[in-house]
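Asker: I'm passing along model34.cif; it holds mmCIF, C-alpha atoms (C1' of nucleotides).
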```
data_my_file
#
loop_
_atom_site.label_atom_id
_atom_site.label_comp_id
_atom_site.auth_asym_id
_atom_site.auth_seq_id
_atom_site.Cartn_x
_atom_site.Cartn_y
_atom_site.Cartn_z
CA MET A 128 42.57 14.35 -35.52
CA LYS A 129 45.53 15.02 -33.41
CA LEU A 130 49.27 15.11 -33.33
CA ASN A 131 50.98 12.58 -31.12
CA THR A 132 53.29 13.60 -28.33
CA LYS A 133 56.32 11.96 -29.87
CA SER A 134 56.44 14.24 -32.88
CA ARG A 135 55.47 17.21 -30.80
CA TYR A 136 58.18 16.56 -28.27
CA ALA A 137 60.67 15.94 -31.04
CA VAL A 138 60.04 19.37 -32.47
CA MET A 139 60.14 20.95 -29.03
CA ALA A 140 63.41 19.26 -28.18
CA LEU A 141 65.05 20.19 -31.44
CA ALA A 142 63.85 23.73 -31.12
CA ASP A 143 65.38 23.77 -27.67
CA MET A 144 68.68 22.47 -29.01
CA SER A 145 68.78 24.99 -31.79
CA LYS A 146 69.03 27.77 -29.24
CA PHE A 147 72.52 26.63 -28.37
CA PRO A 148 75.70 26.99 -30.37
CA ILE A 149 76.01 24.27 -32.95
CA ASN A 150 78.58 21.58 -32.12
CA ASN A 151 77.85 22.09 -28.46
CA PRO A 152 76.39 18.77 -27.27
CA VAL A 153 73.11 19.21 -25.46
CA SER A 154 72.22 16.44 -23.04
CA LEU A 155 68.78 14.91 -22.95
CA ARG A 156 68.76 15.45 -19.25
CA ASP A 157 68.90 19.19 -19.75
CA ILE A 158 66.24 19.17 -22.42
CA SER A 159 64.12 17.01 -20.18
CA LEU A 160 64.33 19.55 -17.38
CA ARG A 161 63.82 22.60 -19.52
CA GLN A 162 60.93 21.26 -21.55
CA SER A 163 59.33 19.02 -18.92
CA ILE A 164 59.55 15.90 -21.02
CA SER A 165 60.37 12.51 -19.55
CA LEU A 166 64.02 11.66 -20.03
CA LEU A 167 63.29 8.06 -20.89
CA TYR A 168 60.81 9.14 -23.49
CA LEU A 169 63.26 11.58 -24.97
CA GLU A 170 65.78 8.80 -25.36
CA GLN A 171 63.34 6.87 -27.47
CA ILE A 172 62.67 9.90 -29.58
CA PHE A 173 66.30 10.78 -30.13
CA LEU A 174 67.24 7.30 -31.24
CA LYS A 175 64.87 7.81 -34.13
CA LEU A 176 66.12 11.28 -34.85
CA LYS A 177 69.59 9.87 -34.94
CA LYS A 178 68.69 7.08 -37.32
CA SER A 179 67.21 9.67 -39.63
CA ASP A 180 70.40 11.67 -39.59
CA ILE A 181 68.91 14.76 -38.02
CA VAL A 182 71.15 14.66 -34.96
CA LYS A 183 74.31 12.89 -34.02
CA SER A 184 75.29 11.69 -30.58
CA VAL A 185 78.34 12.33 -28.46
CA ARG A 186 78.79 9.74 -25.76
CA GLY A 187 80.32 10.02 -22.37
CA THR A 188 80.58 12.77 -19.84
CA ASN A 189 79.64 16.15 -21.24
CA GLY A 190 78.16 14.33 -24.16
CA GLY A 191 74.73 14.79 -25.63
CA TYR A 192 73.22 15.37 -29.00
CA VAL A 193 74.20 17.78 -31.75
CA LEU A 194 72.20 18.92 -34.75
CA LYS A 195 73.72 17.47 -37.89
CA ARG A 196 72.64 20.39 -40.00
CA ASP A 197 71.83 24.03 -39.69
CA PRO A 198 68.25 24.54 -38.46
CA LYS A 199 67.65 26.40 -41.71
CA ASN A 200 68.08 23.12 -43.51
CA ILE A 201 65.92 20.93 -41.34
CA LYS A 202 62.38 20.64 -42.57
CA LEU A 203 59.66 19.73 -40.12
CA SER A 204 58.52 17.07 -42.54
CA GLU A 205 61.80 15.28 -41.94
CA ILE A 206 61.24 15.29 -38.22
CA PHE A 207 57.81 13.80 -38.61
CA GLN A 208 59.07 11.17 -40.99
CA ALA A 209 61.78 10.26 -38.54
CA LEU A 210 59.10 9.40 -36.01
CA ASP A 211 56.99 7.47 -38.50
CA GLN A 212 54.36 10.07 -38.02
CA LYS A 213 52.46 10.09 -41.24
CA VAL A 214 49.48 12.11 -42.11
CA LYS A 215 47.00 9.34 -42.76
CA THR A 216 43.62 10.62 -43.66
CA VAL A 217 42.35 7.43 -45.18
CA GLY A 218 42.15 3.74 -44.76
CA CYS A 219 41.99 3.49 -48.54
CA LYS A 220 44.96 1.89 -50.17
CA LYS A 221 47.11 4.14 -52.27
CA ASP A 222 46.99 1.49 -54.95
CA SER A 223 43.82 2.50 -56.72
CA LYS A 224 43.35 -0.88 -58.32
CA LYS A 225 42.59 -2.59 -55.05
CA GLY A 226 39.69 -0.38 -54.15
CA CYS A 227 39.03 1.30 -50.83
CA ASN A 228 36.19 -0.51 -49.22
CA GLY A 229 36.20 -3.89 -50.84
CA LYS A 230 34.45 -2.36 -53.79
CA SER A 231 35.95 -2.23 -57.22
CA ALA A 232 37.00 1.38 -57.30
CA LYS A 233 38.08 4.27 -55.18
CA CYS A 234 35.70 5.31 -52.51
CA ILE A 235 33.49 8.27 -53.12
CA THR A 236 35.62 10.64 -51.08
CA HIS A 237 39.02 9.31 -51.98
CA GLU A 238 40.17 12.38 -53.85
CA LEU A 239 39.25 14.58 -50.93
CA TRP A 240 41.44 12.74 -48.43
CA ASP A 241 44.30 12.61 -50.85
CA GLU A 242 43.99 16.32 -51.30
CA LEU A 243 43.93 16.91 -47.56
CA GLU A 244 46.98 14.75 -47.06
CA ILE A 245 48.94 16.68 -49.62
CA TYR A 246 47.72 19.94 -48.15
CA ILE A 247 48.95 19.08 -44.66
CA ASN A 248 52.22 17.59 -45.79
CA ASN A 249 52.78 20.79 -47.64
CA PHE A 250 52.69 22.71 -44.40
CA PHE A 251 55.49 20.65 -42.89
CA GLU A 252 57.42 20.58 -46.09
CA ASN A 253 57.65 24.34 -46.11
CA LYS A 254 58.51 24.86 -42.47
CA LYS A 255 62.06 24.76 -41.25
CA LEU A 256 63.26 24.31 -37.72
CA SER A 257 64.67 27.81 -37.96
CA ASP A 258 61.21 29.19 -38.65
CA LEU A 259 60.06 28.59 -35.11
CA SER A 260 60.13 31.91 -33.40
CA LEU A 261 62.57 31.32 -30.62
CA ASN A 262 61.97 33.76 -27.90
CA ARG A 263 64.90 33.63 -25.53
CA GLY A 264 62.62 33.76 -22.52
CA ASP A 265 62.26 31.22 -19.76
CA ASN A 266 61.53 28.34 -22.07
CA MET B 242 47.87 12.08 -37.24
CA LYS B 243 44.81 10.56 -38.64
CA LEU B 244 41.18 11.13 -39.31
CA ASN B 245 38.74 8.92 -37.44
CA THR B 246 36.27 6.72 -39.23
CA LYS B 247 33.26 8.51 -37.87
CA SER B 248 34.00 11.75 -39.64
CA ARG B 249 35.17 9.98 -42.72
CA TYR B 250 32.05 7.85 -42.91
CA ALA B 251 29.91 10.90 -42.28
CA VAL B 252 31.36 12.64 -45.30
CA MET B 253 31.06 9.50 -47.40
CA ALA B 254 27.46 8.99 -46.40
CA LEU B 255 26.48 12.58 -47.06
CA ALA B 256 28.25 12.52 -50.39
CA ASP B 257 26.29 9.41 -51.20
CA MET B 258 23.04 11.09 -50.25
CA SER B 259 23.78 14.15 -52.28
CA LYS B 260 23.68 12.06 -55.44
CA PHE B 261 19.97 11.63 -55.02
CA PRO B 262 17.21 14.14 -55.59
CA ILE B 263 16.79 16.38 -52.58
CA ASN B 264 13.67 15.62 -50.50
CA ASN B 265 13.99 12.00 -51.46
CA PRO B 266 14.64 10.17 -48.18
CA VAL B 267 17.66 7.90 -48.35
CA SER B 268 17.68 5.03 -45.88
CA LEU B 269 20.72 4.20 -43.85
CA ARG B 270 20.33 0.62 -44.95
CA ASP B 271 20.95 1.61 -48.54
CA ILE B 272 23.91 3.80 -47.66
CA SER B 273 25.27 0.99 -45.57
CA LEU B 274 25.13 -1.39 -48.51
CA ARG B 275 26.49 1.01 -51.07
CA GLN B 276 29.33 2.34 -48.97
CA SER B 277 30.10 -0.78 -46.96
CA ILE B 278 29.62 0.89 -43.61
CA SER B 279 28.00 -0.84 -40.68
CA LEU B 280 24.35 0.11 -40.38
CA LEU B 281 24.51 0.36 -36.60
CA TYR B 282 27.49 2.63 -36.85
CA LEU B 283 25.76 4.82 -39.40
CA GLU B 284 22.85 5.22 -37.04
CA GLN B 285 25.17 6.64 -34.42
CA ILE B 286 26.67 9.01 -36.92
CA PHE B 287 23.38 10.26 -38.28
CA LEU B 288 21.98 11.06 -34.89
CA LYS B 289 24.78 13.54 -34.54
CA LEU B 290 24.30 14.93 -38.01
CA LYS B 291 20.67 15.39 -37.19
CA LYS B 292 21.38 17.19 -33.94
CA SER B 293 23.62 19.54 -35.85
CA ASP B 294 20.88 20.30 -38.34
CA ILE B 295 22.66 18.91 -41.35
CA VAL B 296 20.04 16.28 -42.09
CA LYS B 297 16.49 15.63 -41.04
CA SER B 298 14.84 12.28 -40.59
CA VAL B 299 11.71 10.77 -42.03
CA ARG B 300 10.42 7.83 -40.05
CA GLY B 301 8.56 4.78 -41.14
CA THR B 302 8.52 2.74 -44.30
CA ASN B 303 10.23 4.47 -47.19
CA GLY B 304 11.69 6.82 -44.68
CA GLY B 305 15.29 7.75 -44.31
CA TYR B 306 17.33 10.90 -44.07
CA VAL B 307 17.20 14.04 -46.15
CA LEU B 308 19.77 16.81 -46.46
CA LYS B 309 18.46 19.93 -44.79
CA ARG B 310 20.33 22.22 -47.12
CA ASP B 311 21.76 22.26 -50.60
CA PRO B 312 25.16 20.51 -50.72
CA LYS B 313 26.55 23.83 -51.93
CA ASN B 314 25.80 25.25 -48.51
CA ILE B 315 27.19 22.47 -46.38
CA LYS B 316 30.76 23.07 -45.34
CA LEU B 317 32.90 20.10 -44.41
CA SER B 318 33.87 21.91 -41.25
CA GLU B 319 30.25 21.66 -40.11
CA ILE B 320 30.27 17.92 -40.60
CA PHE B 321 33.41 17.54 -38.55
CA GLN B 322 32.06 19.74 -35.83
CA ALA B 323 28.90 17.68 -35.74
CA LEU B 324 30.99 14.65 -34.87
CA ASP B 325 33.08 16.48 -32.30
CA GLN B 326 36.05 15.91 -34.49
CA LYS B 327 38.37 18.75 -33.73
CA VAL B 328 41.78 19.36 -35.08
CA LYS B 329 43.81 19.25 -31.92
CA THR B 330 47.46 19.70 -32.53
CA VAL B 331 48.40 20.60 -29.02
CA GLY B 332 47.92 19.63 -25.45
CA CYS B 333 48.65 23.23 -24.53
CA LYS B 334 45.77 25.20 -23.16
CA LYS B 335 44.40 27.92 -25.33
CA ASP B 336 44.50 30.17 -22.34
CA SER B 337 48.02 31.45 -22.61
CA LYS B 338 48.17 32.52 -18.99
CA LYS B 339 48.11 28.98 -17.71
CA GLY B 340 51.19 27.87 -19.59
CA CYS B 341 51.58 24.73 -21.64
CA ASN B 342 53.79 22.41 -19.71
CA GLY B 343 53.52 23.56 -16.16
CA LYS B 344 55.93 26.33 -16.94
CA SER B 345 55.01 29.94 -16.76
CA ALA B 346 54.60 30.68 -20.43
CA LYS B 347 53.66 29.16 -23.73
CA CYS B 348 55.73 26.25 -24.82
CA ILE B 349 58.44 26.82 -27.31
CA THR B 350 56.44 25.50 -30.25
CA HIS B 351 53.06 26.82 -29.27
CA GLU B 352 52.72 29.23 -32.16
CA LEU B 353 53.52 26.50 -34.62
CA TRP B 354 50.71 24.22 -33.55
CA ASP B 355 48.27 27.05 -33.47
CA GLU B 356 49.25 27.93 -36.97
CA LEU B 357 48.83 24.35 -38.12
CA GLU B 358 45.43 24.10 -36.54
CA ILE B 359 44.24 27.18 -38.33
CA TYR B 360 45.73 25.94 -41.55
CA ILE B 361 43.88 22.64 -41.42
CA ASN B 362 40.60 24.12 -40.29
CA ASN B 363 40.88 26.43 -43.21
CA PHE B 364 40.83 23.48 -45.56
CA PHE B 365 37.53 22.22 -44.20
CA GLU B 366 36.09 25.68 -43.94
CA ASN B 367 36.53 26.20 -47.66
CA LYS B 368 35.25 22.86 -48.86
CA LYS B 369 31.61 22.24 -49.51
CA LEU B 370 29.87 18.94 -49.83
CA SER B 371 29.16 19.87 -53.41
CA ASP B 372 32.87 20.14 -54.11
CA LEU B 373 33.38 16.42 -53.90
CA SER B 374 33.68 15.20 -57.41
CA LEU B 375 30.83 12.80 -57.64
CA ASN B 376 31.44 10.35 -60.38
CA ARG B 377 28.24 8.55 -61.07
CA GLY B 378 30.07 5.25 -61.31
CA ASP B 379 29.59 2.17 -59.22
CA ASN B 380 30.06 3.95 -55.94
"C1'" DG C 176 -0.72 -5.36 -38.01
"C1'" DA C 177 3.46 -6.25 -40.09
"C1'" DA C 178 7.36 -4.39 -41.99
"C1'" DT C 179 10.42 -0.70 -42.37
"C1'" DA C 180 13.33 2.63 -40.55
"C1'" DC C 181 14.69 5.97 -37.22
"C1'" DT C 182 16.11 6.57 -31.72
"C1'" DT C 183 18.96 6.05 -27.82
"C1'" DG C 184 21.99 4.69 -24.24
"C1'" DA C 185 25.01 1.30 -22.73
"C1'" DC C 186 28.40 -1.87 -23.56
"C1'" DT C 187 32.86 -4.05 -25.38
"C1'" DA C 188 36.87 -5.64 -28.01
"C1'" DT C 189 40.72 -3.88 -30.20
"C1'" DT C 190 44.17 -0.69 -31.15
"C1'" DT C 191 47.00 3.12 -30.26
"C1'" DT C 192 49.39 6.11 -27.28
"C1'" DA C 193 52.35 7.49 -23.98
"C1'" DG C 194 55.09 6.33 -21.58
"C1'" DT C 195 58.33 3.07 -18.02
"C1'" DC C 196 61.81 -0.54 -16.99
"C1'" DG C 197 65.99 -2.88 -17.02
"C1'" DG C 198 69.98 -3.79 -18.54
"C1'" DG C 199 73.36 -2.49 -21.36
"C1'" DT C 200 77.89 0.44 -23.84
"C1'" DA C 201 81.06 4.39 -24.64
"C1'" DT C 202 83.79 8.29 -23.05
"C1'" DA C 203 85.79 12.05 -20.28
"C1'" DT C 204 87.94 13.41 -16.39
"C1'" DA C 205 89.58 13.18 -11.74
"C1'" DT D 146 91.85 3.28 -13.98
"C1'" DA D 147 87.59 4.05 -11.46
"C1'" DT D 148 83.53 6.38 -11.66
"C1'" DA D 149 80.08 9.22 -13.15
"C1'" DT D 150 77.75 10.77 -17.06
"C1'" DA D 151 75.14 10.06 -20.97
"C1'" DC D 152 73.79 7.52 -24.94
"C1'" DC D 153 71.68 2.70 -26.55
"C1'" DC D 154 67.87 -0.52 -27.17
"C1'" DG D 155 64.30 -3.96 -26.81
"C1'" DA D 156 60.49 -5.29 -24.14
"C1'" DC D 157 56.83 -4.22 -21.42
"C1'" DT D 158 52.39 -1.92 -19.63
"C1'" DA D 159 48.60 1.16 -18.10
"C1'" DA D 160 45.39 4.11 -19.85
"C1'" DA D 161 42.81 6.22 -23.33
"C1'" DA D 162 40.62 6.38 -27.70
"C1'" DT D 163 38.46 4.07 -31.49
"C1'" DA D 164 35.36 1.43 -33.88
"C1'" DG D 165 32.09 -0.68 -33.50
"C1'" DT D 166 27.84 -3.96 -31.44
"C1'" DC D 167 23.62 -4.80 -28.69
"C1'" DA D 168 19.15 -4.31 -26.84
"C1'" DA D 169 15.12 -2.30 -26.52
"C1'" DG D 170 12.59 0.83 -28.09
"C1'" DT D 171 9.10 4.48 -31.26
"C1'" DA D 172 6.91 6.28 -35.48
"C1'" DT D 173 4.96 5.60 -40.05
"C1'" DT D 174 3.34 3.50 -44.15
"C1'" DC D 175 1.16 -0.04 -46.84
#
```
Show me the file's structure as structure tokens.

Answerer:
Amino acid sequence: MKLNTKSRYAVMALADMSKFPINNPVSLRDISLRQSISLLYLEQIFLKLKKSDIVKSVRGTNGGYVLKRDPKNIKLSEIFQALDQKVKTVGCKKDSKKGCNGKSAKCITHELWDELEIYINNFFENKKLSDLSLNRGDN
Amino acid sequence: MKLNTKSRYAVMALADMSKFPINNPVSLRDISLRQSISLLYLEQIFLKLKKSDIVKSVRGTNGGYVLKRDPKNIKLSEIFQALDQKVKTVGCKKDSKKGCNGKSAKCITHELWDELEIYINNFFENKKLSDLSLNRGDN
DNA sequence: GAATACTTGACTATTTTAGTCGGGTATATA
DNA sequence: TATATACCCGACTAAAATAGTCAAGTATTC
């Protein structure tokens, strides 16, 4: 059970951005250097963040990306959703009528995984980008 | 972020077993049929559960596996550990001196992932096999 | 002694992940 | 207006993890 790098990097990159004055475009190149994340990979990630309205882009020289909202208003759950990163504990279909394992009803542990999924989502739902303790050190 | 089938099947299989009188060996063949899990795969899983002292085996005809403890005393976290299923949210080394991304210190979001890991482990730590609502239906 | 059921390591197909590549387009500034 | 910077975007790919299967056993009961 592990988090993929895309979502992790997304949070890292946004946390990096949030250290700078809002409306000041931050280039992916800079983030790439500071956080040691491949520039090309970051581009992929930011296209998704843009589509989900978390950042906006400024093209051209001195361009970059800008947070669309105050970090206080950006929930981590949004970031994960932007990257299609779902917490999927089960193969079981949500639709209980179909059944989980070809059988007629929910599988024996269905409730458990549902509960876990809600539990984890809850964590991200309650965390804001601004909650990350941003030490102004060398990172 | 998803759970692998091995851990999921392990929980399903043990939940299945716990419906039967303790000390009554349950064969993998039966579990396989009831839960629609490959027999060969179950064998792999149960070897690990056995090594971790969660079940014991009874060989021969009418043999099978038996829970070594009351379901009330089997934490889900033990089952996951038995299958080497760890909650790994980060690539960062635990050892904070090494640094996470080749840089000198912890990465900017290190605390967050640690927190998440503890949060999730906590879920499994507090759930017992006996907590699974076992409807005596067709599963 | 035949059938049942656990034991074990090695193997393999498929899927997912973690990126890279190549060729764009838009904008600022010199 | 040329050029460098930086975003845009789909397609591709190597490597790792997952989800199993296979083969060849051993132990026990009826």

Asker: List the spatial neighbours of stretch 146-157 of chain D as a count of residues only - criterion: any atom at most 7 Å away, only C-alpha atoms (C1' of nucleotides), same-chain residues fewer than 2 positions off excluded.

Answerer: 5

Asker: Residues of chain B that approach chain D to 12 Å or less, counting only C-alpha atoms (C1' of nucleotides): could you list each one with the shortest pair of atoms and its distance in Å to one decimal, rows by chain and increasing residue number, as a Markdown table?

Answerer:
```
| residue | atom | partner | partner_atom | distance |
| --- | --- | --- | --- | --- |
| B:Lys243 | CA | D:DT163 | C1' | 11.6 |
| B:Leu244 | CA | D:DT163 | C1' | 10.9 |
| B:Asn245 | CA | D:DT163 | C1' | 7.7 |
| B:Thr246 | CA | D:DA164 | C1' | 7.6 |
| B:Lys247 | CA | D:DA164 | C1' | 8.4 |
| B:Ser248 | CA | D:DA164 | C1' | 11.9 |
| B:Tyr250 | CA | D:DA164 | C1' | 11.6 |
| B:Ile278 | CA | D:DG165 | C1' | 10.5 |
| B:Ser279 | CA | D:DG165 | C1' | 8.3 |
| B:Leu280 | CA | D:DG165 | C1' | 10.4 |
| B:Leu281 | CA | D:DT166 | C1' | 7.5 |
| B:Tyr282 | CA | D:DG165 | C1' | 6.6 |
| B:Leu283 | CA | D:DG165 | C1' | 10.3 |
| B:Glu284 | CA | D:DG165 | C1' | 11.5 |
| B:Gln285 | CA | D:DG165 | C1' | 10.1 |
| B:Ile286 | CA | D:DG165 | C1' | 11.6 |
| B:Ser298 | CA | D:DA172 | C1' | 11.2 |
| B:Val299 | CA | D:DT173 | C1' | 8.7 |
| B:Arg300 | CA | D:DT173 | C1' | 5.9 |
| B:Gly301 | CA | D:DT173 | C1' | 3.8 |
| B:Thr302 | CA | D:DT174 | C1' | 5.2 |
| B:Asn303 | CA | D:DT174 | C1' | 7.6 |
| B:Gly304 | CA | D:DT173 | C1' | 8.3 |
| B:Gly305 | CA | D:DT173 | C1' | 11.4 |
```

Asker: Quote the spacing between atom CA of A:Ile206 and atom CA of A:Ile158 in Å to one decimal place.

Answerer: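 Result for atom CA of A:Ile206 versus atom CA of A:Ile158: 17.0 Å, one decimal.
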
Asker: Given a cut-off of 9 Å, which residues of chain C touch chain A, counting only C-alpha atoms (C1' of nucleotides), written out as a list in words?

Answerer: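 That gives DT192, DA193, DG194, DT195, DA201, DT202, DA203 and DT204 of chain C for chain C.
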
Asker: Name every residue that the PyMOL selection byres ((chain B and resi 358) around 10) selects in this structure, writing the answer as a list in words with chains first and numbers rising.

Answerer: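 Here the PyMOL selection byres ((chain B and resi 358) around 10) matches Lys129 of chain A; Lys327, Val328, Lys329, Thr330, Val331, Glu352, Leu353, Trp354, Asp355, Glu356, Leu357, Ile359, Tyr360, Ile361, Asn362 and Asn363 of chain B.
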
Asker: For chain A, which residue among B:Arg310, B:Lys297, B:Lys291, B:Lys369 is the nearest when counting only C-alpha atoms?

Answerer: B:Lys369

Asker: In terms of the shortest atom-to-atom distance over all atoms listed in the file, which of B:Glu366, B:Asn314, B:Lys309, B:Thr350 is closest to chain A?

Answerer: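 Closest residue, counting all atoms listed in the file: B:Thr350.
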